[in-house]
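Q: The structure is given below, and queries will be raised subsequently.
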Amino acid sequence: MSNTKMKSITTSAVQAGINTDKQHGAVVAPIHLSSTYSLKSFNEKREFDYSRTGNPTRATFAKTIAKLEQGQVGIATSTGMSSVLLICQLLSVDDLVVIPHDCYGGSFRLFTHLAKRGQFKLIVVDQNNKPALAEALAQKPKLVLIESPSNPLLRLVDIEEVANASHEVGALVAVDNTFLSPALQQPLTLGADIVFHSTTKYINGHSDVVGGVLVTKEQALGDELAWWANCIGITGSAFDSFLAVRGLKTLPIRMKQHQENAEQVAAFLKNHPAIESVYYPGFEDHPGHEIAKKQQAGFGAMLSFDVKGGVESVKRLFANLELFTLAQSLGGVESLICHPPTMTHAGMAETARLAAGITDSLVRVSVGIEDINDILADLAHGLEQSQTR
Ligand code: PLP
């Protein structure tokens with residue numbers, strides 16, 4: 001068998017940066033903290049000259065993620081939001097952007113506030129509402145943003161279908177792949193031009209980095225965005241890149257365990273008397289189930305649910321959990337729980353939030369890789385207490 005054959009994602013992840021150190025033969029890619037690099041001689045640069053522009057550790061991370069996403073150019077940024085901001089550099093005042101009505105609250109806030117300041121025009125649309133999407137596309141946007149599954153309601157968008165329709169009107173398509181990671185979904189292979197992540201989540205996976213990454217399908221678009229990343233100074237740090245490479249090595253294997261646990265949590269919640277409804281694409285009756293089967297390699301490990309009894313029940317649930325930590329983020333090895341209306345989506349106006357279906361009784365969980373029996377016991381106790389008065 002040829003060893004140039006495309007390697008599996010598990011192998012490529014584990015092999016990230018292995019044996020790249022030619023000086024000492026370090027097996028693991030070293031961390032290069034130097035902010036600047038010497039020139040060989042007058043006007044004769046090496047591969048790197050200044051760490052904002054390029055850094056060996058960051059390059060290892062960006063190259064690996066580009067490989068996993070099957071793209072050409074990877075750009076590691078300081079946060080997930082700075083990856084979104086980087087994409088905005090492609091837009092001029094007359095350009096139109098289409099975003100989903102239920103995207104991550106921070107992305108929603110950025111796009112709506114930049115549009116308010118006149119930096120571009122914006123249409124917020126439910127991308128599953130076909131006539132509304134067609135109407136938005138008919139206005140010839142420059143950029144269509146997709147987030148699938150969406151945060152926090154796990155709604156799915158058929159990426160291939162929306163990408164094709166967007167390309168027909170000349171739009172670029174960028175997909176937020178934070179909730180699944182390339183281990184479970186590769187949007188560039190479904191027609192997207194750009195895929196991006198908050199690497200704070202599954203990619204790093206240990207809740208000790210805030211970072212972002214963006215990968216383009218085409219070299220030229222990647223070069224343009226890399227130019228802007230250096231220009232506005234939002235490239236990621238060497239230390240965060242080092243940690244992200246380390247996290248990335250176990251990504252496929254972590255995702256496997258995350259998913260196995262999530263499937264059991266979803267089944268447990270589905271019939272629980274304290275639960276009004278559960279949002280999990282793995283359920284056959286979830287509206288996006290068939291899309292998930294088509295474009296994802298698994299159903300992921302994020303789910304959300306409405307607790308009976310409104311926000312007071314939510315408060316009692318949180319007060320009675322021990323294993324779950326009440327915190328904003330997601331995708332770390334530990335189980336986290338949050339209340340989107342007051343936390344992740346607090347930046348959305350109440351009307352927009354309710355229109356997107358984010359009710360006051362909504363709870364989102366990021367299922368960790370702890371022992372499933374401990375996870376279920378904690379939820380069982382918390383939910384029982386949530387219904388007491
Ligand atoms: N996209 C999604 C889906 C997110 O959940 C988040 C953060 O929660 C972001 C983007 C922004 O990433 P960061 O917090 O790393 O800036």
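Within each chain, counting starts at residue 1; across the structure tokens, chains are named A, B, ... in the order shown, with ligands numbered 1 upward in that order.
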Quick one: residues within 12 Å of Arg353 of chain A, only C-alpha atoms, excluding same-chain residues fewer than 2 positions away - as a VMD selection string?

A: chain A and resid 101 to 105 108 to 109 151 to 153 340 to 342 344 to 351 355 to 360 362

Q: List every residue of segment 48-159 of chain A that DSSP, applied to the backbone of this structure, assigns to strand (DSSP E), and report them as number ranges by chain.

A: A: 73-77, 96-100, 121-125, 143-147

Q: Collect all residues with atoms no farther than 7 Å from ligand 1, counting only C-alpha atoms and all ligand atoms, and output them as a ChimeraX atom specification.

A: /A:79-82,104,106-107,151,176,178-179,197-200,210-212,329,344

Q: Would you give me, as CSV, each residue of segment 14-75 of chain A having an atom within 12 Å of an atom of segment 184-191 of chain A, along with its shortest atom pair and that distance in Å to one decimal, using only C-alpha atoms and sorting by chain and residue number?

A:
```
residue,atom,partner,partner_atom,distance
A:Ile65,CA,A:Gln186,CA,11.0
A:Ala66,CA,A:Leu188,CA,10.2
A:Lys67,CA,A:Gln186,CA,10.6
A:Leu68,CA,A:Gln186,CA,8.1
A:Glu69,CA,A:Gln186,CA,5.5
A:Gln70,CA,A:Leu188,CA,6.9
A:Gly71,CA,A:Leu188,CA,6.8
A:Gln72,CA,A:Leu188,CA,10.1
A:Val73,CA,A:Leu188,CA,11.8
```

Q: I'd like the interatomic distance between atom CA of Phe324 of chain A and atom CA of Gln385 of chain A, to a tenth of an Å.

A: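 Taking atom CA of Phe324 of chain A and atom CA of Gln385 of chain A, their separation equals 14.7 Å.
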
Q: Hey, could you make a per-residue contact list for segment 181-288 of chain A against segment 26-47 of chain A with 12 Å as the cut-off, showing the nearest pair of atoms and its distance in Å to one decimal, counting only C-alpha atoms, sorted by chain and number, as JSON lines?

A:
```
{"residue": "A:Gly236", "atom": "CA", "partner": "A:Leu33", "partner_atom": "CA", "distance": 11.9}
{"residue": "A:Ser237", "atom": "CA", "partner": "A:Leu33", "partner_atom": "CA", "distance": 8.5}
{"residue": "A:Ala238", "atom": "CA", "partner": "A:Leu33", "partner_atom": "CA", "distance": 5.9}
{"residue": "A:Phe239", "atom": "CA", "partner": "A:Ile31", "partner_atom": "CA", "distance": 6.8}
{"residue": "A:Asp240", "atom": "CA", "partner": "A:Ile31", "partner_atom": "CA", "distance": 9.7}
{"residue": "A:Ser241", "atom": "CA", "partner": "A:Ile31", "partner_atom": "CA", "distance": 8.4}
{"residue": "A:Phe242", "atom": "CA", "partner": "A:Ile31", "partner_atom": "CA", "distance": 6.0}
{"residue": "A:Leu243", "atom": "CA", "partner": "A:Ile31", "partner_atom": "CA", "distance": 9.3}
{"residue": "A:Ala244", "atom": "CA", "partner": "A:Ile31", "partner_atom": "CA", "distance": 11.4}
{"residue": "A:Val245", "atom": "CA", "partner": "A:Ala29", "partner_atom": "CA", "distance": 8.8}
{"residue": "A:Arg246", "atom": "CA", "partner": "A:Val28", "partner_atom": "CA", "distance": 8.9}
{"residue": "A:Lys249", "atom": "CA", "partner": "A:Val28", "partner_atom": "CA", "distance": 11.0}
```
